[in-house]
$ cat coords_2.pdb   # PDB, C-alpha atoms
ATOM      1  CA  MET A   1      28.799 108.436  72.632  1.00  0.00           C
ATOM      2  CA  GLU A   2      30.094 106.418  75.578  1.00  0.00           C
ATOM      3  CA  GLN A   3      31.932 109.423  77.046  1.00  0.00           C
ATOM      4  CA  TYR A   4      28.795 111.549  76.955  1.00  0.00           C
ATOM      5  CA  GLU A   5      26.679 108.809  78.495  1.00  0.00           C
ATOM      6  CA  LEU A   6      29.255 108.524  81.287  1.00  0.00           C
ATOM      7  CA  LEU A   7      29.021 112.268  81.685  1.00  0.00           C
ATOM      8  CA  TRP A   8      25.233 111.998  81.838  1.00  0.00           C
ATOM      9  CA  LYS A   9      25.508 109.467  84.688  1.00  0.00           C
ATOM     10  CA  TYR A  10      28.069 111.717  86.360  1.00  0.00           C
ATOM     11  CA  GLN A  11      25.635 114.606  86.172  1.00  0.00           C
ATOM     12  CA  GLN A  12      22.948 112.645  88.022  1.00  0.00           C
ATOM     13  CA  VAL A  13      25.098 112.209  91.124  1.00  0.00           C
ATOM     14  CA  ASP A  14      26.623 115.681  90.755  1.00  0.00           C
ATOM     15  CA  MET A  15      23.148 117.228  90.805  1.00  0.00           C
ATOM     16  CA  GLU A  16      22.248 115.041  93.781  1.00  0.00           C
ATOM     17  CA  LEU A  17      25.288 116.397  95.622  1.00  0.00           C
ATOM     18  CA  ASP A  18      24.387 119.976  94.722  1.00  0.00           C
ATOM     19  CA  GLN A  19      20.833 119.487  95.940  1.00  0.00           C
ATOM     20  CA  TYR A  20      22.000 117.994  99.227  1.00  0.00           C
ATOM     21  CA  GLU A  21      24.433 120.860  99.814  1.00  0.00           C
ATOM     22  CA  LYS A  22      21.597 123.278  99.085  1.00  0.00           C
ATOM     23  CA  GLU A  23      19.403 121.514 101.651  1.00  0.00           C
ATOM     24  CA  MET A  24      22.209 121.714 104.205  1.00  0.00           C
ATOM     25  CA  ARG A  25      22.571 125.442 103.606  1.00  0.00           C
ATOM     26  CA  GLY A  26      18.807 125.819 103.960  1.00  0.00           C
ATOM     27  CA  ASN A  27      18.707 124.025 107.326  1.00  0.00           C
ATOM     28  CA  SER A  28      16.471 126.081 109.627  1.00  0.00           C
ATOM     29  CA  ASN A  29      18.837 125.812 112.603  1.00  0.00           C
ATOM     30  CA  ARG A  30      21.751 126.905 110.418  1.00  0.00           C
ATOM     31  CA  LYS A  31      19.767 129.957 109.323  1.00  0.00           C
ATOM     32  CA  GLU A  32      18.964 130.782 112.948  1.00  0.00           C
ATOM     33  CA  LEU A  33      22.642 130.454 113.878  1.00  0.00           C
ATOM     34  CA  LEU A  34      23.667 132.821 111.098  1.00  0.00           C
ATOM     35  CA  LYS A  35      20.964 135.287 112.139  1.00  0.00           C
ATOM     36  CA  HIS A  36      22.151 135.299 115.766  1.00  0.00           C
ATOM     37  CA  ARG A  37      25.791 135.463 114.660  1.00  0.00           C
ATOM     38  CA  ASP A  38      25.098 138.507 112.483  1.00  0.00           C
ATOM     39  CA  PHE A  39      23.160 140.138 115.329  1.00  0.00           C
ATOM     40  CA  LEU A  40      26.050 139.550 117.745  1.00  0.00           C
ATOM     41  CA  LEU A  41      28.517 141.049 115.276  1.00  0.00           C
ATOM     42  CA  GLU A  42      26.221 144.041 114.854  1.00  0.00           C
ATOM     43  CA  GLN A  43      26.001 144.541 118.631  1.00  0.00           C
ATOM     44  CA  GLN A  44      29.783 144.306 118.917  1.00  0.00           C
ATOM     45  CA  GLY A  45      30.018 147.112 116.375  1.00  0.00           C
ATOM     46  CA  VAL A  46      27.497 149.177 118.347  1.00  0.00           C
ATOM     47  CA  LEU A  47      29.475 148.659 121.563  1.00  0.00           C
ATOM     48  CA  LYS A  48      32.733 149.700 119.908  1.00  0.00           C
ATOM     49  CA  LYS A  49      31.062 152.848 118.590  1.00  0.00           C
ATOM     50  CA  ILE A  50      29.667 153.682 122.040  1.00  0.00           C
ATOM     51  CA  GLU A  51      33.055 153.069 123.682  1.00  0.00           C
ATOM     52  CA  SER A  52      34.733 155.308 121.114  1.00  0.00           C
ATOM     53  CA  ASP A  53      32.138 158.058 121.634  1.00  0.00           C
ATOM     54  CA  VAL A  54      32.474 157.811 125.430  1.00  0.00           C
ATOM     55  CA  GLU A  55      36.266 158.041 125.214  1.00  0.00           C
ATOM     56  CA  ILE A  56      36.038 161.183 123.066  1.00  0.00           C
ATOM     57  CA  MET A  57      33.411 162.676 125.407  1.00  0.00           C
ATOM     58  CA  SER A  58      35.506 161.878 128.493  1.00  0.00           C
ATOM     59  CA  ASP A  59      38.514 163.668 127.028  1.00  0.00           C
ATOM     60  CA  ARG A  60      36.360 166.688 126.143  1.00  0.00           C
ATOM     61  CA  MET A  61      34.699 166.730 129.590  1.00  0.00           C
ATOM     62  CA  GLU A  62      38.084 166.628 131.283  1.00  0.00           C
ATOM     63  CA  ALA A  63      39.345 169.467 129.097  1.00  0.00           C
ATOM     64  CA  LEU A  64      36.213 171.534 129.834  1.00  0.00           C
ATOM     65  CA  ALA A  65      36.512 170.968 133.582  1.00  0.00           C
ATOM     66  CA  ASP A  66      40.161 172.085 133.509  1.00  0.00           C
ATOM     67  CA  GLU A  67      39.287 175.159 131.445  1.00  0.00           C
ATOM     68  CA  ILE A  68      36.395 176.110 133.758  1.00  0.00           C
ATOM     69  CA  GLU A  69      38.724 175.810 136.761  1.00  0.00           C
ATOM     70  CA  ARG A  70      41.322 177.989 135.013  1.00  0.00           C
ATOM     71  CA  LEU A  71      38.752 180.619 134.028  1.00  0.00           C
ATOM     72  CA  ASN A  72      37.295 180.730 137.541  1.00  0.00           C
ATOM     73  CA  GLY A  73      40.787 181.398 138.798  1.00  0.00           C
ATOM     74  CA  SER A  74      41.175 184.206 136.271  1.00  0.00           C
ATOM     75  CA  VAL A  75      37.867 185.765 137.379  1.00  0.00           C
ATOM     76  CA  SER A  76      38.919 185.602 141.027  1.00  0.00           C
ATOM     77  CA  GLU A  77      42.275 187.207 140.251  1.00  0.00           C
ATOM     78  CA  ALA A  78      40.639 189.949 138.150  1.00  0.00           C
ATOM     79  CA  ALA A  79      38.090 190.654 140.881  1.00  0.00           C
ATOM     80  CA  ALA A  80      40.826 190.817 143.513  1.00  0.00           C
ATOM     81  CA  ARG A  81      42.879 193.240 141.398  1.00  0.00           C
ATOM     82  CA  PHE A  82      39.795 195.370 140.809  1.00  0.00           C
ATOM     83  CA  GLU A  83      39.012 195.572 144.535  1.00  0.00           C
ATOM     84  CA  ALA A  84      42.615 196.218 145.490  1.00  0.00           C
ATOM     85  CA  ASN A  85      43.169 198.914 142.910  1.00  0.00           C
ATOM     86  CA  ARG A  86      39.919 200.373 141.680  1.00  0.00           C
ATOM     87  CA  PRO A  87      40.480 202.426 138.551  1.00  0.00           C
ATOM     88  CA  VAL A  88      39.572 206.120 138.794  1.00  0.00           C
ATOM     89  CA  ASP A  89      38.798 206.290 135.090  1.00  0.00           C
ATOM     90  CA  VAL A  90      35.204 205.354 134.230  1.00  0.00           C
ATOM     91  CA  GLU A  91      36.206 203.943 130.890  1.00  0.00           C
ATOM     92  CA  GLU A  92      38.876 201.771 132.486  1.00  0.00           C
ATOM     93  CA  THR A  93      36.319 200.571 135.041  1.00  0.00           C
ATOM     94  CA  LYS A  94      33.889 199.576 132.282  1.00  0.00           C
ATOM     95  CA  LYS A  95      36.711 197.874 130.412  1.00  0.00           C
ATOM     96  CA  GLN A  96      37.726 195.716 133.389  1.00  0.00           C
ATOM     97  CA  ILE A  97      34.118 194.850 134.258  1.00  0.00           C
ATOM     98  CA  ALA A  98      33.437 193.873 130.620  1.00  0.00           C
ATOM     99  CA  ALA A  99      36.522 191.635 130.640  1.00  0.00           C
ATOM    100  CA  MET A 100      35.294 189.869 133.778  1.00  0.00           C
ATOM    101  CA  GLN A 101      31.792 189.512 132.332  1.00  0.00           C
ATOM    102  CA  LYS A 102      33.300 187.935 129.219  1.00  0.00           C
ATOM    103  CA  LEU A 103      35.141 185.420 131.383  1.00  0.00           C
ATOM    104  CA  VAL A 104      31.946 184.652 133.318  1.00  0.00           C
ATOM    105  CA  SER A 105      29.993 184.234 130.048  1.00  0.00           C
ATOM    106  CA  THR A 106      32.605 181.819 128.735  1.00  0.00           C
ATOM    107  CA  ILE A 107      32.481 179.838 131.980  1.00  0.00           C
ATOM    108  CA  SER A 108      28.692 179.674 131.737  1.00  0.00           C
ATOM    109  CA  ARG A 109      28.891 178.405 128.155  1.00  0.00           C
ATOM    110  CA  TYR A 110      31.453 175.763 129.074  1.00  0.00           C
ATOM    111  CA  GLU A 111      29.386 174.668 132.088  1.00  0.00           C
ATOM    112  CA  SER A 112      26.316 174.258 129.858  1.00  0.00           C
ATOM    113  CA  GLU A 113      28.313 172.171 127.407  1.00  0.00           C
ATOM    114  CA  LEU A 114      29.739 170.094 130.251  1.00  0.00           C
ATOM    115  CA  ALA A 115      26.260 169.478 131.718  1.00  0.00           C
ATOM    116  CA  LYS A 116      24.968 168.380 128.304  1.00  0.00           C
ATOM    117  CA  MET A 117      27.913 166.037 127.803  1.00  0.00           C
ATOM    118  CA  ARG A 118      27.371 164.489 131.222  1.00  0.00           C
ATOM    119  CA  LYS A 119      23.743 163.870 130.288  1.00  0.00           C
ATOM    120  CA  ASP A 120      24.832 162.328 126.972  1.00  0.00           C
ATOM    121  CA  ALA A 121      27.380 160.187 128.790  1.00  0.00           C
ATOM    122  CA  ASP A 122      24.645 158.851 131.078  1.00  0.00           C
ATOM    123  CA  ALA A 123      22.503 158.044 128.028  1.00  0.00           C
ATOM    124  CA  ARG A 124      25.441 156.233 126.411  1.00  0.00           C
ATOM    125  CA  ASP A 125      25.962 154.277 129.611  1.00  0.00           C
ATOM    126  CA  ARG A 126      22.305 153.142 129.615  1.00  0.00           C
ATOM    127  CA  GLN A 127      22.522 152.253 125.931  1.00  0.00           C
ATOM    128  CA  GLN A 128      25.672 150.240 126.549  1.00  0.00           C
ATOM    129  CA  ARG A 129      23.964 148.232 129.309  1.00  0.00           C
ATOM    130  CA  GLU A 130      20.948 147.564 127.070  1.00  0.00           C
ATOM    131  CA  VAL A 131      23.179 146.381 124.226  1.00  0.00           C
ATOM    132  CA  ARG A 132      25.066 144.042 126.533  1.00  0.00           C
ATOM    133  CA  VAL A 133      21.795 142.526 127.793  1.00  0.00           C
ATOM    134  CA  ARG A 134      20.522 141.968 124.234  1.00  0.00           C
ATOM    135  CA  ALA A 135      23.869 140.507 123.173  1.00  0.00           C
ATOM    136  CA  ALA A 136      23.926 138.143 126.167  1.00  0.00           C
ATOM    137  CA  LYS A 137      20.457 136.839 125.306  1.00  0.00           C
ATOM    138  CA  ALA A 138      21.426 136.376 121.654  1.00  0.00           C
ATOM    139  CA  ARG A 139      24.624 134.589 122.675  1.00  0.00           C
ATOM    140  CA  ALA A 140      22.707 132.198 124.930  1.00  0.00           C
ATOM    141  CA  GLU A 141      20.281 131.401 122.115  1.00  0.00           C
ATOM    142  CA  PHE A 142      23.176 130.986 119.671  1.00  0.00           C
ATOM    143  CA  ASP A 143      24.874 128.485 121.999  1.00  0.00           C
ATOM    144  CA  ARG A 144      21.612 126.572 122.498  1.00  0.00           C
ATOM    145  CA  ILE A 145      20.917 126.231 118.765  1.00  0.00           C
ATOM    146  CA  LYS A 146      24.539 125.414 117.978  1.00  0.00           C
ATOM    147  CA  VAL A 147      24.397 122.289 120.132  1.00  0.00           C
ATOM    148  CA  ILE A 148      21.392 121.078 118.124  1.00  0.00           C
ATOM    149  CA  TYR A 149      22.847 122.062 114.757  1.00  0.00           C
ATOM    150  CA  ASP A 150      26.229 120.469 115.453  1.00  0.00           C
ATOM    151  CA  GLU A 151      24.493 117.111 115.935  1.00  0.00           C
ATOM    152  CA  GLU A 152      22.472 117.597 112.751  1.00  0.00           C
ATOM    153  CA  TYR A 153      25.580 118.580 110.812  1.00  0.00           C
ATOM    154  CA  LYS A 154      27.511 115.598 112.113  1.00  0.00           C
ATOM    155  CA  THR A 155      24.887 113.267 110.623  1.00  0.00           C
ATOM    156  CA  ALA A 156      24.545 115.279 107.408  1.00  0.00           C
ATOM    157  CA  ALA A 157      28.312 115.427 106.926  1.00  0.00           C
ATOM    158  CA  VAL A 158      28.473 111.625 106.703  1.00  0.00           C
ATOM    159  CA  LYS A 159      26.027 111.570 103.803  1.00  0.00           C
ATOM    160  CA  LEU A 160      27.748 114.558 102.227  1.00  0.00           C
ATOM    161  CA  GLU A 161      31.075 112.749 102.233  1.00  0.00           C
ATOM    162  CA  GLU A 162      29.462 109.645 100.731  1.00  0.00           C
ATOM    163  CA  LEU A 163      27.977 111.718  97.909  1.00  0.00           C
ATOM    164  CA  LYS A 164      31.324 113.393  97.221  1.00  0.00           C
ATOM    165  CA  LYS A 165      32.988 109.971  96.960  1.00  0.00           C
ATOM    166  CA  LYS A 166      30.206 108.802  94.659  1.00  0.00           C
ATOM    167  CA  VAL A 167      30.743 111.828  92.402  1.00  0.00           C
ATOM    168  CA  ALA A 168      34.485 111.130  92.348  1.00  0.00           C
ATOM    169  CA  ARG A 169      33.841 107.503  91.345  1.00  0.00           C
ATOM    170  CA  GLU A 170      31.502 108.537  88.525  1.00  0.00           C
ATOM    171  CA  ALA A 171      34.178 110.935  87.224  1.00  0.00           C
ATOM    172  CA  GLN A 172      36.551 108.044  86.617  1.00  0.00           C
ATOM    173  CA  GLY A 173      36.781 107.157  82.947  1.00  0.00           C
ATOM    174  CA  ILE A 174      35.595 110.572  81.724  1.00  0.00           C
ATOM    175  CA  GLU A 175      38.158 112.498  79.721  1.00  0.00           C
ATOM    176  CA  PRO A 176      39.499 115.467  81.749  1.00  0.00           C
ATOM    177  CA  GLU A 177      38.807 117.910  78.896  1.00  0.00           C
ATOM    178  CA  LEU A 178      35.170 116.832  78.738  1.00  0.00           C
ATOM    179  CA  LEU A 179      34.801 117.122  82.510  1.00  0.00           C
ATOM    180  CA  GLU A 180      36.245 120.636  82.394  1.00  0.00           C
ATOM    181  CA  LYS A 181      33.807 121.515  79.621  1.00  0.00           C
ATOM    182  CA  TYR A 182      30.957 120.216  81.788  1.00  0.00           C
ATOM    183  CA  LYS A 183      32.104 122.368  84.724  1.00  0.00           C
ATOM    184  CA  ALA A 184      32.471 125.430  82.498  1.00  0.00           C
ATOM    185  CA  ILE A 185      28.890 125.055  81.220  1.00  0.00           C
ATOM    186  CA  LYS A 186      27.651 124.452  84.765  1.00  0.00           C
ATOM    187  CA  ARG A 187      28.911 127.868  85.823  1.00  0.00           C
ATOM    188  CA  HIS A 188      26.179 129.500  83.740  1.00  0.00           C
ATOM    189  CA  SER A 189      23.671 126.720  82.971  1.00  0.00           C
ATOM    190  CA  THR A 190      22.457 124.013  85.347  1.00  0.00           C
ATOM    191  CA  PRO A 191      22.183 121.185  84.637  1.00  0.00           C
ATOM    192  CA  PRO A 192      24.890 121.358  81.934  1.00  0.00           C
ATOM    193  CA  ILE A 193      23.628 118.320  80.004  1.00  0.00           C
ATOM    194  CA  THR A 194      20.117 117.683  78.806  1.00  0.00           C
ATOM    195  CA  ARG A 195      18.209 115.561  76.304  1.00  0.00           C
ATOM    196  CA  ILE A 196      16.453 116.594  73.125  1.00  0.00           C
ATOM    197  CA  HIS A 197      12.655 116.885  73.443  1.00  0.00           C
ATOM    198  CA  ASP A 198      10.443 117.525  70.413  1.00  0.00           C
ATOM    199  CA  ASP A 199      13.331 119.126  68.521  1.00  0.00           C
ATOM    200  CA  ARG A 200      13.928 121.462  71.464  1.00  0.00           C
ATOM    201  CA  CYS A 201      16.665 121.876  74.064  1.00  0.00           C
ATOM    202  CA  GLY A 202      15.535 120.122  77.227  1.00  0.00           C
ATOM    203  CA  GLY A 203      17.230 122.866  79.266  1.00  0.00           C
ATOM    204  CA  CYS A 204      16.032 126.197  77.865  1.00  0.00           C
ATOM    205  CA  ASN A 205      13.223 124.769  75.653  1.00  0.00           C
ATOM    206  CA  MET A 206      14.440 126.684  72.605  1.00  0.00           C
ATOM    207  CA  GLN A 207      13.802 125.221  69.143  1.00  0.00           C
ATOM    208  CA  LEU A 208      16.991 123.752  67.687  1.00  0.00           C
ATOM    209  CA  PRO A 209      18.129 125.294  64.391  1.00  0.00           C
ATOM    210  CA  ALA A 210      17.809 123.280  61.166  1.00  0.00           C
ATOM    211  CA  ALA A 211      21.561 122.636  60.971  1.00  0.00           C
ATOM    212  CA  ASP A 212      21.576 120.974  64.384  1.00  0.00           C
ATOM    213  CA  MET A 213      18.499 118.929  63.531  1.00  0.00           C
ATOM    214  CA  ASN A 214      20.212 117.716  60.364  1.00  0.00           C
ATOM    215  CA  ARG A 215      23.168 116.604  62.484  1.00  0.00           C
ATOM    216  CA  VAL A 216      20.765 114.733  64.760  1.00  0.00           C
ATOM    217  CA  ARG A 217      19.110 113.013  61.802  1.00  0.00           C
ATOM    218  CA  THR A 218      22.478 111.943  60.399  1.00  0.00           C
ATOM    219  CA  GLY A 219      23.401 110.244  63.667  1.00  0.00           C
ATOM    220  CA  ALA A 220      25.278 112.880  65.698  1.00  0.00           C
ATOM    221  CA  PRO A 221      25.400 111.701  69.329  1.00  0.00           C
ATOM    222  CA  TYR A 222      25.006 115.243  70.662  1.00  0.00           C
ATOM    223  CA  VAL A 223      24.670 118.896  69.719  1.00  0.00           C
ATOM    224  CA  GLU A 224      25.251 122.077  71.691  1.00  0.00           C
ATOM    225  CA  CYS A 225      22.450 124.549  72.286  1.00  0.00           C
ATOM    226  CA  GLU A 226      23.201 127.878  70.634  1.00  0.00           C
ATOM    227  CA  ASN A 227      20.987 129.635  73.171  1.00  0.00           C
ATOM    228  CA  CYS A 228      22.117 128.306  76.569  1.00  0.00           C
ATOM    229  CA  GLY A 229      25.314 126.433  75.695  1.00  0.00           C
ATOM    230  CA  ARG A 230      24.169 123.111  77.156  1.00  0.00           C
ATOM    231  CA  ILE A 231      25.234 119.756  75.739  1.00  0.00           C
ATOM    232  CA  ILE A 232      22.131 118.102  74.274  1.00  0.00           C
ATOM    233  CA  LEU A 233      22.343 114.319  74.102  1.00  0.00           C
ATOM    234  CA  VAL A 234      20.476 112.488  71.394  1.00  0.00           C
ATOM    235  CA  LYS A 235      19.077 109.091  72.239  1.00  0.00           C
TER     236      LYS A 235
END
$ encode --input "coords_2.pdb" --output "structure tokens"
Amino acid sequence: MEQYELLWKYQQVDMELDQYEKEMRGNSNRKELLKHRDFLLEQQGVLKKIESDVEIMSDRMEALADEIERLNGSVSEAAARFEANRPVDVEETKKQIAAMQKLVSTISRYESELAKMRKDADARDRQQREVRVRAAKARAEFDRIKVIYDEEYKTAAVKLEELKKKVAREAQGIEPELLEKYKAIKRHSTPPITRIHDDRCGGCNMQLPAADMNRVRTGAPYVECENCGRIILVK
């Protein structure tokens, strides 16, 4: 019985430590820091995407400009050849004119695409500036809150360390196997140890089976709940 009573005392400080860690995680300034951190990371991702899009667009715009220049040269050469040596055949005339019109149509299509991409590039540039402004504001707020939170954490960390030492002290004298059993139960049921209340498990409130109640009546120091797996101490 002594081992389980030691474990019961250990649980009290262990739960106190868990509760304090939970309160630290729930600190309002910590939550604000995490929110601003996540926002900054999101904006960094947006900026990388914009930069990637702009790089792809720049390459395409450069290629289009080169192609338009080449096609304009081809049109000029074709027009010069036509003027210098006009074909006497009507069909040949139509053929050469159609070829030049095709070149002009292609140039027009490329110029339209280039104009659209320039417009998109300007929009990306505005978006990039807006993102940087939002990120700068979020960064300033992050830095402001961090100064406050760091001071709060410094104070909280002292108490946290004291609680951890207290838990370590309470663990002394408890058999390692029993402590491991406690930790295993804690992974699915918290707290892992409870007391018996009106023939019920103090953790899940389920009625104990007759066999367990017989063990209690015959002096068993503890039973294990078949429903939740907790250790149930019997006073």
$ residues_around --input "coords_2.pdb" --residues "Glu180 of chain A" --least-positions-apart "5" --cutoff "12 Å" --atoms "only C-alpha atoms" --output "number ranges by chain"
A: 7, 171, 174-175, 185-187, 192
$ residues_around --input "coords_2.pdb" --residues "Lys102 of chain A" --least-positions-apart "5" --cutoff "12 Å" --atoms "all atoms listed in the file" --output "PyMOL selection string"
chain A and resi 71-72+74-75+78+95-97+107-109
$ closest_residue --input "coords_2.pdb" --among "A:Leu114, A:Leu160, A:Ala84, A:Ile56" --to "Glu16 of chain A" --atoms "all atoms listed in the file"
A:Leu160
$ residues_around --input "coords_2.pdb" --residues "segment 197-213 of chain A" --least-positions-apart "3" --cutoff "7 Å" --atoms "all atoms listed in the file" --output "PDB file with C-alpha atoms, in the frame of the given file"
ATOM      1  CA  THR A 194      20.117 117.683  78.806  1.00  0.00           C
ATOM      2  CA  VAL A 216      20.765 114.733  64.760  1.00  0.00           C
ATOM      3  CA  ARG A 217      19.110 113.013  61.802  1.00  0.00           C
ATOM      4  CA  VAL A 223      24.670 118.896  69.719  1.00  0.00           C
ATOM      5  CA  CYS A 225      22.450 124.549  72.286  1.00  0.00           C
ATOM      6  CA  CYS A 228      22.117 128.306  76.569  1.00  0.00           C
ATOM      7  CA  ILE A 232      22.131 118.102  74.274  1.00  0.00           C
TER       8      ILE A 232
END
$ closest_residue --input "coords_2.pdb" --among "A:Asp150, A:Glu42, A:Glu23, A:Asp89" --to "Arg134 of chain A" --atoms "only C-alpha atoms"
A:Glu42
$ resolve_selection --input "coords_2.pdb" --expression "the PyMOL selection byres ((chain A and resi 135) around 12)" --output "PyMOL selection string"
chain A and resi 36-47+128-134+136-142
$ atom_distance --input "coords_2.pdb" --atom1 "atom CA of Arg30 of chain A" --atom2 "atom CA of Tyr149 of chain A"
6.6 Å
$ residues_around --input "coords_2.pdb" --residues "Lys119 of chain A" --least-positions-apart "5" --cutoff "12 Å" --atoms "all atoms listed in the file" --output "list in words"
Val54, Met57, Met61, Ser112, Glu113, Leu114, Arg124, Asp125 and Arg126 of chain A
$ atom_distance --input "coords_2.pdb" --atom1 "atom CA of Arg195 of chain A" --atom2 "atom CA of Glu162 of chain A"
27.5 Å
$ resolve_selection --input "coords_2.pdb" --expression "the PyMOL selection byres ((chain A and resi 6) around 10)" --output "list of chain:residue names"
A:Met1, A:Glu2, A:Gln3, A:Tyr4, A:Glu5, A:Leu7, A:Trp8, A:Lys9, A:Tyr10, A:Gln11, A:Glu170, A:Ala171, A:Gln172, A:Gly173, A:Ile174, A:Glu175
$ atom_distance --input "coords_2.pdb" --atom1 "atom CA of Arg215 of chain A" --atom2 "atom CA of Arg230 of chain A"
16.1 Å
$ resolve_selection --input "coords_2.pdb" --expression "the PyMOL selection byres ((chain A and resi 164) around 12)" --output "ChimeraX atom specification"
/A:10,13-18,20-21,157-163,165-171
$ decode --input "coords_2.pdb" --residues "segment 187-194 of chain A" --atoms "all heavy atoms" --output "mmCIF file, in the first residue's frame"
data_model
loop_
_atom_site.group_PDB
_atom_site.id
_atom_site.type_symbol
_atom_site.label_atom_id
_atom_site.label_comp_id
_atom_site.auth_asym_id
_atom_site.auth_seq_id
_atom_site.Cartn_x
_atom_site.Cartn_y
_atom_site.Cartn_z
ATOM 1 N N ARG A 187 -0.979 8.286 -20.414
ATOM 2 C CA ARG A 187 -1.030 8.576 -21.840
ATOM 3 C C ARG A 187 -2.453 8.510 -22.397
ATOM 4 O O ARG A 187 -2.742 9.090 -23.442
ATOM 5 C CB ARG A 187 -0.096 7.637 -22.616
ATOM 6 C CG ARG A 187 1.379 8.033 -22.518
ATOM 7 C CD ARG A 187 2.227 7.286 -23.526
ATOM 8 N NE ARG A 187 2.520 5.924 -23.121
ATOM 9 C CZ ARG A 187 3.565 5.565 -22.375
ATOM 10 N NH1 ARG A 187 4.414 6.481 -21.938
ATOM 11 N NH2 ARG A 187 3.765 4.300 -22.059
ATOM 12 N N HIS A 188 -3.333 7.777 -21.705
ATOM 13 C CA HIS A 188 -4.712 7.690 -22.195
ATOM 14 C C HIS A 188 -5.758 8.093 -21.148
ATOM 15 O O HIS A 188 -6.927 8.319 -21.489
ATOM 16 C CB HIS A 188 -5.025 6.278 -22.717
ATOM 17 C CG HIS A 188 -4.875 5.190 -21.696
ATOM 18 N ND1 HIS A 188 -5.821 4.932 -20.737
ATOM 19 C CD2 HIS A 188 -3.875 4.286 -21.487
ATOM 20 C CE1 HIS A 188 -5.429 3.919 -19.986
ATOM 21 N NE2 HIS A 188 -4.248 3.512 -20.416
ATOM 22 N N SER A 189 -5.352 8.167 -19.874
ATOM 23 C CA SER A 189 -6.307 8.553 -18.831
ATOM 24 C C SER A 189 -5.621 9.459 -17.816
ATOM 25 O O SER A 189 -4.606 9.076 -17.221
ATOM 26 C CB SER A 189 -6.847 7.313 -18.102
ATOM 27 O OG SER A 189 -7.582 6.483 -18.978
ATOM 28 N N THR A 190 -6.174 10.647 -17.633
ATOM 29 C CA THR A 190 -5.606 11.610 -16.683
ATOM 30 C C THR A 190 -6.696 12.111 -15.744
ATOM 31 O O THR A 190 -7.765 12.504 -16.206
ATOM 32 C CB THR A 190 -4.994 12.814 -17.425
ATOM 33 O OG1 THR A 190 -3.981 12.331 -18.326
ATOM 34 C CG2 THR A 190 -4.356 13.786 -16.463
ATOM 35 N N PRO A 191 -6.430 12.081 -14.415
ATOM 36 C CA PRO A 191 -5.221 11.544 -13.781
ATOM 37 C C PRO A 191 -5.215 10.008 -13.799
ATOM 38 O O PRO A 191 -6.278 9.389 -13.835
ATOM 39 C CB PRO A 191 -5.330 12.086 -12.347
ATOM 40 C CG PRO A 191 -6.801 12.217 -12.124
ATOM 41 C CD PRO A 191 -7.384 12.629 -13.430
ATOM 42 N N PRO A 192 -4.038 9.390 -13.713
ATOM 43 C CA PRO A 192 -3.947 7.933 -13.794
ATOM 44 C C PRO A 192 -4.450 7.207 -12.543
ATOM 45 O O PRO A 192 -4.840 6.040 -12.619
ATOM 46 C CB PRO A 192 -2.437 7.683 -13.986
ATOM 47 C CG PRO A 192 -1.872 9.006 -14.392
ATOM 48 C CD PRO A 192 -2.710 10.031 -13.718
ATOM 49 N N ILE A 193 -4.407 7.893 -11.400
ATOM 50 C CA ILE A 193 -4.819 7.260 -10.143
ATOM 51 C C ILE A 193 -6.021 7.999 -9.577
ATOM 52 O O ILE A 193 -6.090 9.228 -9.623
ATOM 53 C CB ILE A 193 -3.682 7.294 -9.098
ATOM 54 C CG1 ILE A 193 -2.411 6.679 -9.675
ATOM 55 C CG2 ILE A 193 -4.097 6.539 -7.838
ATOM 56 C CD1 ILE A 193 -1.235 6.756 -8.739
ATOM 57 N N THR A 194 -6.957 7.248 -9.052
ATOM 58 C CA THR A 194 -8.125 7.853 -8.445
ATOM 59 C C THR A 194 -8.496 7.074 -7.189
ATOM 60 O O THR A 194 -7.822 6.116 -6.816
ATOM 61 C CB THR A 194 -9.299 7.894 -9.453
ATOM 62 O OG1 THR A 194 -10.381 8.605 -8.880
ATOM 63 C CG2 THR A 194 -9.751 6.478 -9.818
#
